[in-house]
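Here the structure comes first, spelled out in structure tokens, and everything after it is commentary.
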Amino acid sequence: MRLVGPDSFGIAVPGLGLDATVAASHPRPGVAGLVMQAGGVGLAMVDQLSRLGIGISSFASVGRKLDVSSNDMLLWWEQDEVTRLAVLYIESFGNPRKFGRTARRVGARIPLLTVHAGPFAADQDTGPSHPSAAALASREALFEQVGIIAAPGLGELVETAALLATQPVPAGRTVAIVSNVGGAGALAADVCADLGLTVHRPGGTTVGELRALIGGDGAIAGPVDTTVAISGDVFRQCLELVAADENVHAVIALVRPTGAAGELVEAIRQADVRVPLAAVVLNQAESVRLLGDAIPAYACPQAAAGAIARAAAYGAWRAEPRGEVPAFPDVRAADARAVVRDYLRTEAGGGWLPAHRTADVLRCYGIPLAEPAVTADERTAKATVRVVHDPMFGPLVVLAGHGARLAPLTTADADTLLLAYRDQPDPDLAACRDPRLRDLLLRVSRLAEDLPEITELDLSLARPRSAGSAGSAGVNSVDARIKVNRYEPHDPFLRKLR
């Protein structure tokens with residue numbers, strides 16, 4: 001028998017008629033799975049998604065997670081053949097490594113959405129607290145790395161869910177805008193540009209066909225302005241025309257219904273558009289609703305553009321190569337564990353390993369430190385590799401204080417760290433191009449994964465002054481510190497309050 005809670009607001013599976021919650025109304029059956037620690041927030045999300053018509057596949061307010069957790073719900077949604085997107089509002093992860101692996105796998109099939117917690121996170125026992133910079137970096141790294149779509153607030157989360165529950169995932173970031181209000185179309189274009197989206201500019205035969213449809217008063221350069229007196233049928237044809245362009249990945253249909261225009265909202269519903277379509281209806285009261293249970297309609301251009309931008313980022317993550325975690329057959333993990341455990345037998349409270357033991361651990365993972373004679377000829381270190389153990393998410397690998405990824409790193413994760421470093425002011429470009437730096441990142445990640453006793457690691461890197469110096473083939477590890485503490489492994493079948 002499984003247990004949800006304590007401190008739970010209940011569970012619901014509307015498709016089975018199960019509603020064991022304290023909600024005032026029954027949730028509507030649908031395609032969104034929800035797992036929440038904050039039960040009140042969860043019930044509010046249930047109400048919002050039910051009102052929209054997206055509905056709920058299953059809902060669990062897991063509270064303090066004595067047993068059932070977000071990991072369990074992800075595994076359920078992966079195989080239930082009903083859930084098409086999942087919403088998570090979780091304040092802590094009991095098994096962060098398992099969560100990261102599970103979320104990455106499930107997220108490749110269905111979108112996972114969450115909310116970026118604000119600068120203050122509520123702790124159930126101690127009240128509001130200010131999380132450390134490392135904790136914030138860990139959360140952002142986790143979400144980015146495993147493909148979770150993180151909205152800045154609950155409103156934006158609902159707006160994004162409305163798009164992903166009804167439309168395909170964008171295959172790119174180019175958006176066509178068709179509007180009967182020129183100023184609003186220009187505003188939408190500005191917002192798209194600010195969010196990293198590209199506004200489509202029609203070309204080729206599309207230009208002539210659009211001009212024939214809307215006449216000389218409209219604008220066709222992009223965004224397309226059909227003018228206010230356009231008929232519903234012509235507006236629909238304009239939408240279908242721009243959406244048929246192979247360079248268009250999504251369409252925003254922006255309308256202000258007037259007495260001079262045709263039934264534009266109905267035209268949007270009837271349009272045969274094969275890419276993601278979002279409507280903006282400027283006079284609607286709701287921030288977001290669905291047109292015919294199929295097309296999300298927003299009250300302002302910012303909401304539509306934001307939802308498309310977040311969905312496009314998820315699409316890009318889903319399309320990128322996953323990479324692999326290298327095996328490194330030369331690694332001597334057992335020898336490294338012996339060094340760490342021998343130190344902890346004499347230093348029960350943990351601490352920084354002595355320099356010679358630090359060097360021993362690194363050598364076990366193929367990360368030798370430069371000899372003192374070589375070190376004396378090094379120039380100032382241009383980069384650092386750090387491991388920070390976050391109590392919520394586990395070990396985090398940081399390159400040069402900029403990029404961050406959770407261990408274990410894949411080859412793609414290591415490349416992402418190198419790109420982040422390359423984009424910083426005054427990077428050591430020669431080091432970035434050195435394949436040994438990539439290899440070093442992967443080895444440090446493996447070390448952090450194998451030795452959970454390591455709570456902190458600092459590794460300074462440098463290159464020789466001259467081509468004739470020893471070790472000139474690439475970066476050298478010139479200094480290192482490793483901090484360790486006792487680690488009690490958790491029994492995965494034994495849950496406890498946290």
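All residue names refer to the structure tokens as shown: chains lettered A, B, ... in order, residues numbered from 1 in each chain, ligands numbered from 1 in order.
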
Checklist entry - Contacts of region 209-218 of chain A at 10 Å or less, counting only C-alpha atoms, minus same-chain residues fewer than 5 places along, as a PyMOL selection string? => result chain A and resi 180+182+202+204+224-231+234-235+237-239+241-242

Checklist entry - Quick one: residues within 8 Å of Ala253 (chain A), only C-alpha atoms counted, chain neighbours fewer than 5 positions away excluded, as a VMD selection string? => result chain A and resid 177 to 179 239 268 277 to 280

Fewer than 4 positions away in the same chain doesn't count, so skip those; otherwise give me all residues within 8 Å of Val325 (chain A), counting only C-alpha atoms, as a PDB file with C-alpha atoms, in the first residue's frame.
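The result, stored in part_8.pdb:
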ATOM      1  CA  PRO A 408      26.878  12.819 -14.096  1.00  0.00           C
ATOM      2  CA  LEU A 409      27.789  14.878 -17.156  1.00  0.00           C
ATOM      3  CA  THR A 410      27.185  13.493 -20.612  1.00  0.00           C
ATOM      4  CA  THR A 411      29.464  14.454 -23.483  1.00  0.00           C
ATOM      5  CA  LEU A 442      33.882  14.392 -17.649  1.00  0.00           C
TER       6      LEU A 442
END

Checklist entry - When you draw a straight line from CA of Ser57 (chain A) to CA of Arg269 (chain A), how long is it in Å? => result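 A separation of 25.4 Å between them.
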
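For the choices A:Ala60, A:Gly172, A:Tyr365, A:His356, the atom-to-atom distance to Pro329 (chain A) is smallest for A:Tyr365 when using only C-alpha atoms.
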
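Taking CA of Thr258 (chain A) and CA of Asp272 (chain A) as endpoints, the distance between them is 23.3 Å.
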
Which residues of region 112-228 of chain A have any atom within 6 Å of an atom in region 70-92 of chain A when counting only C-alpha atoms, and what is the closest pair of atoms for each, with the distance in Å to one decimal? Order the rows by chain and rising number and write it as a Markdown table.
| residue | atom | partner | partner_atom | distance |
| --- | --- | --- | --- | --- |
| A:Leu112 | CA | A:Ala86 | CA | 4.9 |
| A:Leu113 | CA | A:Val87 | CA | 4.8 |
| A:Thr114 | CA | A:Leu88 | CA | 5.0 |

Residue subset to file, keeping C-alpha atoms, as a short mmCIF file (atom, residue, chain, number, x, y, z; two decimals), in the first residue's frame:
data_model
loop_
_atom_site.label_atom_id
_atom_site.label_comp_id
_atom_site.auth_asym_id
_atom_site.auth_seq_id
_atom_site.Cartn_x
_atom_site.Cartn_y
_atom_site.Cartn_z
CA LEU A 112 7.35 18.90 -18.07
CA LEU A 113 6.49 22.34 -16.66
CA THR A 114 7.30 24.03 -13.38
#

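Each of A:Asp423, A:Thr416, A:Pro321, A:Trp352 was checked against Val397 (chain A) using only C-alpha atoms; the smallest atom-to-atom distance is that of A:Thr416.
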
Item to check | Within 9 Å of Glu140 (chain A) using only C-alpha atoms, minus same-chain residues under 6 positions, as a PyMOL selection string | outcome: chain A and resi 116+150+404

Filtering to C-alpha atoms, could you give me those residues as a PDB file, in the first residue's frame?
ATOM      1  CA  HIS A 116      10.813  29.224 -10.991  1.00  0.00           C
ATOM      2  CA  ALA A 150      10.347  26.752 -16.072  1.00  0.00           C
ATOM      3  CA  ALA A 404      26.946  24.696 -14.462  1.00  0.00           C
TER       4      ALA A 404
END

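Between CA of Ile454 (chain A) and CA of Ile482 (chain A) there is a distance of 6.9 Å.
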
Item to check | Those of region 30-244 of chain A in DSSP strand (DSSP E), formatted as a PyMOL selection string | outcome: chain A and resi 30-36+56-61+85-89+112-115+121-123+127-129+149-151+174-179+198-199+224-225

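All residues within region 60-102 of chain A that the backbone DSSP calculation assigns to alpha helix (DSSP H) are Ser70, Asn71, Asp72, Met73, Leu74, Leu75, Trp76, Trp77, Glu78, Gln79, Pro96, Arg97, Lys98, Phe99, Gly100, Arg101 and Thr102 of chain A.
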
Next on the checklist: Could you check the closest approach to Gly183 (chain A) for each of A:Gln167, A:Asp233, A:Ala219, A:Arg64 and tell me which residue wins, using only C-alpha atoms?
Outcome noted: A:Ala219

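The residue that comes closest to Thr346 (chain A), out of A:Glu240, A:Ala176, A:Asn485, A:Val191 and on the basis of only C-alpha atoms, is A:Asn485.
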